[in-house]
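Chemist: Sharing work-v2.cif, mmCIF, C-alpha atoms:
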data_entry
#
loop_
_atom_site.label_atom_id
_atom_site.label_comp_id
_atom_site.auth_asym_id
_atom_site.auth_seq_id
_atom_site.Cartn_x
_atom_site.Cartn_y
_atom_site.Cartn_z
CA MET Y 1 -20.94 -32.07 70.83
CA ASP Y 2 -18.06 -31.02 73.09
CA SER Y 3 -15.75 -28.11 72.35
CA PHE Y 4 -12.95 -30.36 71.09
CA SER Y 5 -15.26 -31.99 68.55
CA LEU Y 6 -16.50 -28.58 67.44
CA LEU Y 7 -12.92 -27.39 67.03
CA CYS Y 8 -11.99 -30.45 64.96
CA THR Y 9 -15.10 -30.09 62.80
CA GLY Y 10 -14.36 -26.41 62.22
CA ALA Y 11 -10.74 -27.17 61.32
CA LEU Y 12 -11.85 -29.84 58.84
CA LEU Y 13 -14.37 -27.50 57.22
CA ALA Y 14 -11.81 -24.70 56.99
CA GLY Y 15 -9.19 -27.05 55.55
CA GLY Y 16 -11.70 -28.45 53.08
CA LEU Y 17 -12.73 -24.97 51.94
CA TYR Y 18 -9.08 -23.96 51.49
CA TRP Y 19 -8.38 -27.11 49.45
CA PHE Y 20 -11.53 -26.62 47.36
CA VAL Y 21 -10.86 -22.96 46.58
CA CYS Y 22 -7.10 -22.51 46.65
CA VAL Y 23 -5.79 -25.92 45.66
CA LEU Y 24 -8.42 -27.11 43.20
CA GLY Y 25 -9.17 -23.60 41.97
CA PRO Y 26 -6.06 -22.55 40.06
CA ALA Y 27 -5.72 -23.84 36.50
CA GLU Y 28 -1.96 -23.70 36.79
CA GLN Y 29 0.42 -23.77 39.73
CA LYS Y 30 1.35 -20.15 39.15
CA GLY Y 31 -2.05 -19.03 37.93
CA LYS Y 32 -4.77 -16.90 39.44
CA ARG Y 33 -6.44 -18.06 42.64
CA ALA Y 34 -10.19 -17.96 43.15
CA THR Y 35 -9.88 -15.58 46.09
CA ASP Y 36 -8.11 -13.07 43.83
CA LEU Y 37 -10.81 -12.86 41.14
CA SER Y 38 -11.49 -9.30 40.05
CA GLY Y 39 -13.00 -7.28 37.25
CA GLY Y 40 -9.66 -6.39 35.71
CA SER Y 41 -9.36 -2.61 35.45
CA ILE Y 42 -13.00 -2.26 36.50
CA SER Y 43 -13.56 -1.42 40.16
CA ALA Y 44 -15.32 -4.18 42.11
CA GLU Y 45 -18.53 -2.24 42.63
CA LYS Y 46 -18.90 -1.63 38.86
CA VAL Y 47 -18.37 -5.20 37.58
CA GLN Y 48 -22.07 -5.99 37.38
CA ASP Y 49 -22.85 -2.70 35.62
CA ASN Y 50 -20.13 -3.39 33.07
CA TYR Y 51 -21.46 -6.89 32.53
CA LYS Y 52 -24.83 -5.33 31.66
CA GLN Y 53 -23.03 -2.83 29.43
CA TYR Y 54 -21.32 -5.69 27.60
CA TRP Y 55 -24.66 -7.32 26.83
CA SER Y 56 -26.09 -3.98 25.72
CA PHE Y 57 -23.75 -4.11 22.72
CA PHE Y 58 -25.78 -7.01 21.37
CA ARG Y 59 -28.96 -4.93 21.53
CA ARG Y 60 -27.22 -2.53 19.11
CA PRO Y 61 -25.55 -4.94 16.67
CA LYS Y 62 -24.72 -2.23 14.15
CA GLU Y 63 -22.46 -0.57 16.72
CA ILE Y 64 -20.47 -3.78 17.13
CA GLU Y 65 -19.69 -3.64 13.42
CA THR Y 66 -17.96 -0.25 13.65
CA ALA Y 67 -14.26 0.09 14.38
CA GLU Y 68 -14.98 2.95 16.78
CA LYS Y 69 -17.14 0.83 19.10
CA VAL Y 70 -15.26 -2.48 19.02
CA PRO Y 71 -12.25 -1.48 21.20
CA ASP Y 72 -14.54 -0.55 24.11
CA PHE Y 73 -16.59 -3.69 23.54
CA VAL Y 74 -13.54 -5.99 23.58
CA ASP Y 75 -11.84 -4.10 26.43
CA THR Y 76 -14.95 -4.46 28.60
CA PHE Y 77 -15.12 -8.18 27.80
CA TYR Y 78 -11.51 -8.83 28.78
CA ASN Y 79 -11.80 -6.82 31.97
CA LEU Y 80 -14.68 -9.10 32.91
CA VAL Y 81 -13.18 -12.45 31.89
CA THR Y 82 -9.38 -12.25 32.20
CA ASP Y 83 -9.15 -13.41 35.82
CA ILE Y 84 -11.70 -16.17 35.29
CA TYR Y 85 -9.89 -17.37 32.15
CA GLU Y 86 -6.57 -17.39 33.95
CA TRP Y 87 -7.99 -19.14 37.00
CA GLY Y 88 -10.10 -21.72 35.20
CA TRP Y 89 -8.15 -22.26 31.95
CA GLY Y 90 -4.59 -21.00 32.18
CA GLN Y 91 -2.40 -18.22 30.80
CA SER Y 92 -2.95 -19.14 27.13
CA PHE Y 93 -6.43 -18.00 26.12
CA HIS Y 94 -6.86 -20.33 23.16
CA PHE Y 95 -7.54 -23.92 22.10
CA SER Y 96 -5.27 -26.60 20.70
CA PRO Y 97 -5.82 -30.08 19.26
CA SER Y 98 -5.65 -32.90 21.80
CA ILE Y 99 -2.49 -34.98 21.49
CA PRO Y 100 -2.53 -38.59 22.77
CA GLY Y 101 -0.10 -38.99 25.66
CA LYS Y 102 0.28 -35.24 26.13
CA SER Y 103 -1.30 -33.04 28.79
CA HIS Y 104 -3.42 -30.04 27.83
CA HIS Y 105 -0.54 -27.81 28.89
CA GLU Y 106 1.91 -29.66 26.63
CA ALA Y 107 -0.52 -29.67 23.69
CA THR Y 108 -1.02 -25.93 24.11
CA ARG Y 109 2.72 -25.28 24.17
CA LEU Y 110 3.32 -27.34 21.00
CA HIS Y 111 0.49 -25.49 19.23
CA GLU Y 112 2.16 -22.20 20.12
CA GLU Y 113 5.65 -23.33 19.16
CA MET Y 114 4.36 -24.41 15.76
CA ALA Y 115 3.34 -20.81 15.07
CA VAL Y 116 6.85 -19.44 15.53
CA ASP Y 117 8.38 -22.36 13.64
CA LEU Y 118 6.12 -21.54 10.68
CA ILE Y 119 7.34 -17.94 10.55
CA GLN Y 120 10.94 -19.17 10.91
CA ALA Y 121 11.86 -16.75 13.69
CA GLY Y 122 14.98 -17.22 15.76
CA PRO Y 123 17.40 -15.49 18.14
CA GLY Y 124 17.69 -11.77 17.48
CA ASP Y 125 14.50 -11.54 15.42
CA ARG Y 126 11.82 -9.09 16.49
CA VAL Y 127 8.41 -10.77 16.39
CA LEU Y 128 4.95 -9.27 16.89
CA ASP Y 129 2.23 -11.04 18.91
CA VAL Y 130 -1.05 -9.55 17.70
CA GLY Y 131 -3.53 -9.75 20.59
CA CYS Y 132 -1.24 -11.21 23.25
CA GLY Y 133 -3.63 -11.50 26.22
CA VAL Y 134 -1.69 -12.19 29.43
CA GLY Y 135 1.21 -13.52 27.37
CA GLY Y 136 1.00 -17.31 27.64
CA PRO Y 137 1.87 -17.88 23.95
CA MET Y 138 4.45 -15.09 24.04
CA ARG Y 139 6.42 -16.78 26.79
CA ALA Y 140 6.28 -20.21 25.17
CA ILE Y 141 7.39 -18.75 21.84
CA ALA Y 142 10.18 -16.65 23.34
CA ALA Y 143 11.51 -19.60 25.32
CA HIS Y 144 11.36 -21.88 22.27
CA SER Y 145 12.80 -19.53 19.64
CA ARG Y 146 14.79 -17.02 21.74
CA ALA Y 147 13.29 -14.32 19.51
CA ASN Y 148 12.36 -10.93 20.98
CA VAL Y 149 8.57 -10.90 21.15
CA VAL Y 150 6.51 -7.72 21.34
CA GLY Y 151 2.86 -8.26 22.28
CA ILE Y 152 -0.01 -5.84 21.88
CA THR Y 153 -3.35 -5.99 23.70
CA ILE Y 154 -6.21 -3.51 24.00
CA ASN Y 155 -6.63 -4.28 27.71
CA ASP Y 156 -4.46 -2.45 30.24
CA TYR Y 157 -5.11 -5.04 32.96
CA GLN Y 158 -3.76 -7.77 30.67
CA VAL Y 159 -0.63 -5.69 30.05
CA ASN Y 160 0.10 -5.63 33.77
CA ARG Y 161 -0.64 -9.34 34.17
CA ALA Y 162 1.58 -10.23 31.20
CA ARG Y 163 4.48 -8.15 32.50
CA LEU Y 164 4.17 -9.81 35.91
CA HIS Y 165 4.19 -13.30 34.38
CA ASN Y 166 7.09 -12.41 32.06
CA LYS Y 167 9.19 -11.34 35.03
CA LYS Y 168 8.28 -14.42 37.06
CA ALA Y 169 9.24 -16.65 34.14
CA GLY Y 170 12.58 -14.88 33.72
CA LEU Y 171 11.63 -13.89 30.16
CA ASP Y 172 11.14 -10.15 30.58
CA SER Y 173 14.34 -9.51 28.60
CA LEU Y 174 12.77 -11.25 25.57
CA CYS Y 175 9.13 -10.24 26.05
CA GLU Y 176 7.68 -6.74 25.79
CA VAL Y 177 4.00 -5.84 26.15
CA VAL Y 178 2.28 -2.74 24.77
CA CYS Y 179 -1.25 -1.51 25.39
CA GLY Y 180 -2.83 -0.54 22.10
CA ASN Y 181 -5.37 -1.19 19.37
CA PHE Y 182 -4.22 -3.65 16.72
CA LEU Y 183 -6.29 -1.71 14.19
CA ASN Y 184 -3.91 1.23 14.65
CA MET Y 185 -0.65 -0.07 16.10
CA PRO Y 186 1.99 2.27 17.58
CA PHE Y 187 4.85 0.74 15.58
CA PRO Y 188 6.84 2.07 12.60
CA ASP Y 189 6.50 0.63 9.11
CA ASN Y 190 8.72 -2.36 8.26
CA SER Y 191 9.82 -2.91 11.87
CA PHE Y 192 9.16 -6.61 12.57
CA ASP Y 193 10.89 -9.77 11.29
CA GLY Y 194 7.74 -11.84 11.73
CA ALA Y 195 4.28 -11.83 13.31
CA TYR Y 196 1.64 -14.20 14.59
CA SER Y 197 -1.88 -14.04 16.01
CA ILE Y 198 -3.46 -16.91 17.90
CA GLU Y 199 -7.26 -16.71 17.96
CA ALA Y 200 -7.13 -12.94 18.37
CA THR Y 201 -8.03 -11.19 15.10
CA CYS Y 202 -11.56 -12.59 15.37
CA HIS Y 203 -12.21 -9.52 17.55
CA ALA Y 204 -11.56 -7.14 14.64
CA PRO Y 205 -14.69 -5.57 13.13
CA LYS Y 206 -13.13 -6.00 9.69
CA LEU Y 207 -10.34 -8.50 9.14
CA GLU Y 208 -8.92 -6.35 6.34
CA GLN Y 209 -8.11 -3.57 8.81
CA VAL Y 210 -5.97 -5.67 11.13
CA TYR Y 211 -4.30 -7.57 8.27
CA ALA Y 212 -3.39 -4.25 6.64
CA GLU Y 213 -1.80 -3.04 9.88
CA ILE Y 214 0.20 -6.26 10.26
CA PHE Y 215 1.31 -5.97 6.63
CA ARG Y 216 2.43 -2.38 7.29
CA VAL Y 217 4.66 -3.16 10.28
CA LEU Y 218 6.29 -6.27 8.80
CA LYS Y 219 9.59 -6.06 6.94
CA PRO Y 220 9.51 -7.11 3.28
CA GLY Y 221 9.99 -10.86 3.05
CA ALA Y 222 8.70 -11.45 6.61
CA LEU Y 223 6.16 -14.16 7.41
CA TYR Y 224 2.89 -13.89 9.31
CA VAL Y 225 0.80 -16.78 10.64
CA SER Y 226 -2.67 -16.61 12.12
CA TYR Y 227 -5.01 -19.14 13.76
CA GLU Y 228 -8.47 -17.82 12.86
CA TRP Y 229 -11.93 -18.49 14.29
CA VAL Y 230 -14.18 -19.38 11.34
CA THR Y 231 -17.32 -21.13 10.24
CA THR Y 232 -16.44 -24.17 8.13
CA ASP Y 233 -17.88 -25.61 4.92
CA LYS Y 234 -20.33 -27.60 7.08
CA TYR Y 235 -22.06 -24.48 8.37
CA ARG Y 236 -25.49 -23.76 6.91
CA SER Y 237 -26.96 -20.31 7.50
CA ASP Y 238 -30.47 -21.71 6.90
CA ASP Y 239 -30.12 -24.26 9.72
CA PRO Y 240 -31.58 -22.75 12.95
CA GLU Y 241 -29.39 -24.93 15.18
CA HIS Y 242 -26.24 -23.88 13.32
CA VAL Y 243 -27.23 -20.23 13.64
CA GLU Y 244 -27.95 -20.62 17.36
CA VAL Y 245 -24.52 -22.17 18.00
CA ILE Y 246 -22.59 -19.56 16.06
CA GLN Y 247 -24.49 -16.65 17.62
CA GLY Y 248 -23.90 -18.18 21.05
CA ILE Y 249 -20.16 -18.27 20.37
CA GLU Y 250 -20.21 -14.68 19.15
CA ARG Y 251 -22.10 -13.35 22.18
CA GLY Y 252 -19.98 -15.24 24.69
CA ASP Y 253 -16.61 -14.32 23.17
CA ALA Y 254 -16.99 -10.65 22.18
CA LEU Y 255 -17.02 -11.26 18.44
CA PRO Y 256 -18.40 -8.69 15.98
CA GLY Y 257 -19.28 -11.67 13.76
CA LEU Y 258 -17.62 -14.95 12.84
CA ARG Y 259 -16.14 -15.12 9.35
CA SER Y 260 -16.36 -17.90 6.82
CA HIS Y 261 -13.22 -19.95 6.17
CA THR Y 262 -13.40 -18.73 2.56
CA ASP Y 263 -12.83 -15.11 3.62
CA ILE Y 264 -9.40 -15.51 5.20
CA ALA Y 265 -7.04 -16.01 2.25
CA GLU Y 266 -9.04 -13.59 0.11
CA THR Y 267 -8.61 -10.86 2.75
CA ALA Y 268 -4.89 -11.57 3.15
CA ARG Y 269 -4.32 -11.20 -0.60
CA LYS Y 270 -6.40 -8.04 -0.71
CA VAL Y 271 -4.00 -6.20 1.61
CA GLY Y 272 -0.94 -7.40 -0.30
CA PHE Y 273 0.13 -10.68 1.33
CA VAL Y 274 1.25 -13.72 -0.60
CA VAL Y 275 -0.52 -16.76 0.86
CA VAL Y 276 2.04 -19.49 1.45
CA LYS Y 277 -0.11 -22.08 3.20
CA GLU Y 278 -3.67 -22.45 4.43
CA ARG Y 279 -5.08 -25.34 6.45
CA ASP Y 280 -7.67 -25.99 9.13
CA LEU Y 281 -5.65 -27.45 11.99
CA ALA Y 282 -8.85 -28.84 13.54
CA LYS Y 283 -9.47 -31.30 10.70
CA PRO Y 284 -8.51 -34.99 11.01
CA PRO Y 285 -6.08 -36.48 11.77
CA ALA Y 286 -6.07 -33.79 14.48
CA GLN Y 287 -7.78 -34.89 17.69
CA PRO Y 288 -10.76 -32.83 18.93
CA TRP Y 289 -9.77 -29.44 20.34
CA TRP Y 290 -13.06 -29.31 22.28
CA SER Y 291 -12.37 -32.45 24.34
CA ARG Y 292 -10.93 -30.27 27.10
CA LEU Y 293 -14.25 -28.42 27.31
CA LYS Y 294 -16.16 -31.69 27.67
CA MET Y 295 -13.76 -33.07 30.25
CA GLY Y 296 -13.90 -29.82 32.20
CA ARG Y 297 -17.66 -29.77 32.86
CA ILE Y 298 -17.29 -31.04 36.43
CA ALA Y 299 -14.61 -28.39 37.00
CA TYR Y 300 -16.95 -25.71 35.60
CA TRP Y 301 -19.66 -26.66 38.09
CA ARG Y 302 -17.13 -26.77 40.91
CA ASN Y 303 -15.77 -23.38 39.92
CA HIS Y 304 -19.28 -21.95 39.65
CA ILE Y 305 -19.99 -23.01 43.23
CA VAL Y 306 -16.72 -21.40 44.32
CA VAL Y 307 -17.50 -18.15 42.51
CA THR Y 308 -21.03 -18.07 43.92
CA VAL Y 309 -19.79 -18.56 47.48
CA LEU Y 310 -17.03 -15.96 47.10
CA ALA Y 311 -19.46 -13.43 45.64
CA ALA Y 312 -21.94 -14.07 48.46
CA LEU Y 313 -19.15 -13.48 50.98
CA GLY Y 314 -18.13 -10.27 49.23
CA ILE Y 315 -14.70 -11.63 48.28
CA ALA Y 316 -15.40 -11.76 44.54
CA PRO Y 317 -17.06 -8.71 42.94
CA LYS Y 318 -20.81 -8.68 42.46
CA GLY Y 319 -21.43 -9.72 38.87
CA THR Y 320 -18.66 -12.36 38.76
CA VAL Y 321 -21.29 -15.10 38.98
CA ASP Y 322 -23.04 -13.68 35.89
CA VAL Y 323 -19.77 -13.58 33.96
CA HIS Y 324 -18.87 -17.15 34.92
CA GLU Y 325 -22.33 -18.38 33.95
CA MET Y 326 -21.97 -16.66 30.56
CA LEU Y 327 -18.65 -18.44 29.97
CA PHE Y 328 -20.16 -21.77 31.07
CA LYS Y 329 -22.92 -21.41 28.48
CA THR Y 330 -20.41 -20.33 25.84
CA ALA Y 331 -18.35 -23.46 26.49
CA ASP Y 332 -21.43 -25.51 25.57
CA TYR Y 333 -21.87 -23.60 22.30
CA LEU Y 334 -18.18 -24.09 21.50
CA THR Y 335 -18.47 -27.82 22.19
CA ARG Y 336 -21.52 -28.07 19.94
CA GLY Y 337 -19.65 -26.16 17.24
CA GLY Y 338 -16.76 -28.59 17.49
CA ASP Y 339 -18.92 -31.72 17.61
CA SER Y 340 -20.92 -30.66 14.56
CA GLY Y 341 -17.81 -29.48 12.69
CA ILE Y 342 -19.39 -26.13 11.78
CA PHE Y 343 -16.82 -24.09 13.73
CA SER Y 344 -13.03 -24.07 13.94
CA PRO Y 345 -10.84 -21.88 16.18
CA MET Y 346 -7.66 -22.80 14.32
CA HIS Y 347 -7.98 -22.13 10.63
CA MET Y 348 -4.30 -21.53 9.93
CA ILE Y 349 -3.03 -19.14 7.27
CA LEU Y 350 0.66 -18.47 6.61
CA CYS Y 351 1.45 -15.34 4.61
CA ARG Y 352 4.51 -13.52 3.37
CA LYS Y 353 4.97 -9.81 2.75
CA PRO Y 354 6.58 -9.67 -0.70
CA HIS Y 355 9.66 -7.61 -1.49
CA ASP Y 356 8.33 -6.06 -4.69
CA SER Y 357 6.36 -8.61 -6.63
CA ASP Y 358 5.78 -12.24 -5.93
CA ASP Y 359 3.76 -15.07 -7.39
CA ASP Y 360 0.77 -16.27 -5.41
CA HIS Y 361 1.25 -19.79 -4.10
CA VAL Y 362 -0.94 -21.72 -1.73
CA GLN Y 363 -0.42 -25.08 -0.06
CA THR Y 364 -3.35 -26.89 1.51
#
Transcribe the structure of this file into structure tokens.

Modeler:
Amino acid sequence: MDSFSLLCTGALLAGGLYWFVCVLGPAEQKGKRATDLSGGSISAEKVQDNYKQYWSFFRRPKEIETAEKVPDFVDTFYNLVTDIYEWGWGQSFHFSPSIPGKSHHEATRLHEEMAVDLIQAGPGDRVLDVGCGVGGPMRAIAAHSRANVVGITINDYQVNRARLHNKKAGLDSLCEVVCGNFLNMPFPDNSFDGAYSIEATCHAPKLEQVYAEIFRVLKPGALYVSYEWVTTDKYRSDDPEHVEVIQGIERGDALPGLRSHTDIAETARKVGFVVVKERDLAKPPAQPWWSRLKMGRIAYWRNHIVVTVLAALGIAPKGTVDVHEMLFKTADYLTRGGDSGIFSPMHMILCRKPHDSDDDHVQT
């Protein structure tokens, strides 16, 4: 082969690699690129050690159940997965029902907008995003409602990513991000006009603790909506396959333990909320929320090849391959949970903080 042919072949290979990694890689046009994958706030040389540390929590399950241990557990998880989530999924770290004729991005945005519509927030209102991640929902909600949204996340790396995205989107005047523990929030009593959490409070060791904190910071009469991860009425604790699926979801998503759908409203009432509405948004006529996971299997394999190559070249931190493989396996457990109907990531509860006394009223 002459030198010209070698040059052309090299150029084609280089162009193909660039297209495969940098063009196919990002989940969104303004998302994370594969070549920028990191371990969040963890230095590159310690990513693999922290991955092992994350799994060590599951060898000491009693520690996961304590409020003192959970922040470190969840913070480690999000340092490991934030870049991969953003690269492979997008800036909104949650699911949404599929909508015929709508893209995944559009379905996600509508799912987020519904949350702020339910709490009836508008321009000038101060709204709390409990567990905001890198701020995908926050930006959609701020743009839709023009409310001032304050997000809180335990992970400092996510705070920096969210602030960067807020500025790029031109929404930094409406969106504020705070690093903190939602079990002990740095906000005064009665300081928010509304609040929402989208698939975030599942990380709390005890749901009562986070609901009590949200109740504390809301103004009397304010509304709070949450999309909760739960086991449904189809789950059977004596079915080994059901148990395997739920434990797989817990291990792969940093969950102290999934709650039953029957626990949610009971917990909300226990801390003082009036339950206005409760409904599983995953139930028919909603289209399957897990269809995106099924459709994305080819992308997962492609991304895994990319991550493996980048790690071998020393571009991605050592341990990134392990993290991506964990998330790949977790996607399978989530799909099985959706297919069987034993798991829902969008059990919706709408609550109101009463003024003095209020009658309990639930809509299903």

Chemist: List, as number ranges by chain, every residue that the PyMOL selection byres ((chain Y and resi 182-196) around 8) selects in the file provided.

Modeler: Y: 115-116, 119, 121, 125-131, 152-154, 180-181, 197-198, 204, 209-210, 213-214, 216-220, 222-226

Chemist: At a cut-off of 10 Å, can you tabulate as JSON lines every residue of region 60-159 of chain Y near region 281-303 of chain Y together with its closest atom pair and the distance in Å to one decimal, using all atoms listed in the file and ordering rows by chain then number?

Modeler:
{"residue": "Y:Ile84", "atom": "CA", "partner": "Y:Asn303", "partner_atom": "CA", "distance": 9.5}
{"residue": "Y:Trp87", "atom": "CA", "partner": "Y:Asn303", "partner_atom": "CA", "distance": 9.3}
{"residue": "Y:Gly88", "atom": "CA", "partner": "Y:Asn303", "partner_atom": "CA", "distance": 7.6}
{"residue": "Y:Trp89", "atom": "CA", "partner": "Y:Gly296", "partner_atom": "CA", "distance": 9.5}
{"residue": "Y:His94", "atom": "CA", "partner": "Y:Trp289", "partner_atom": "CA", "distance": 10.0}
{"residue": "Y:Phe95", "atom": "CA", "partner": "Y:Trp289", "partner_atom": "CA", "distance": 6.2}
{"residue": "Y:Ser96", "atom": "CA", "partner": "Y:Trp289", "partner_atom": "CA", "distance": 5.3}
{"residue": "Y:Pro97", "atom": "CA", "partner": "Y:Trp289", "partner_atom": "CA", "distance": 4.1}
{"residue": "Y:Ser98", "atom": "CA", "partner": "Y:Gln287", "partner_atom": "CA", "distance": 5.0}
{"residue": "Y:Ile99", "atom": "CA", "partner": "Y:Gln287", "partner_atom": "CA", "distance": 6.5}
{"residue": "Y:Pro100", "atom": "CA", "partner": "Y:Gln287", "partner_atom": "CA", "distance": 8.2}
{"residue": "Y:His104", "atom": "CA", "partner": "Y:Arg292", "partner_atom": "CA", "distance": 7.5}
{"residue": "Y:Ala107", "atom": "CA", "partner": "Y:Trp289", "partner_atom": "CA", "distance": 9.8}
{"residue": "Y:His111", "atom": "CA", "partner": "Y:Leu281", "partner_atom": "CA", "distance": 9.7}

Chemist: Excluding region 238-245 of chain Y and any residue of its chain fewer than 2 positions from it, enumerate the residues within 7 Å of it, using only C-alpha atoms, and give them as a ChimeraX atom specification.

Modeler: /Y:235-236,247-249,333,336-337

Chemist: Determine the nearest neighbour of Leu334 (chain Y) from the options Y:Glu199, Y:Asp83, Y:Glu45, Y:Glu250, counting all atoms listed in the file.

Modeler: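 When distances to Leu334 (chain Y) are compared using all atoms listed in the file, the smallest one comes from Y:Glu250.
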
Chemist: Give me, please, the distance in Å between CA of Ile264 (chain Y) and CA of Pro205 (chain Y), quoted to one decimal.

Modeler: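 Separating CA of Ile264 (chain Y) from CA of Pro205 (chain Y) is a distance of 13.8 Å.
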
Chemist: Identify which of the residues Y:Pro123, Y:Arg163, Y:Asp356, Y:Ala200 lies closest to Phe93 (chain Y), counting only C-alpha atoms when measuring atom-to-atom distances.

Modeler: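 Answer, going by the shortest atom-to-atom distance: Y:Ala200.
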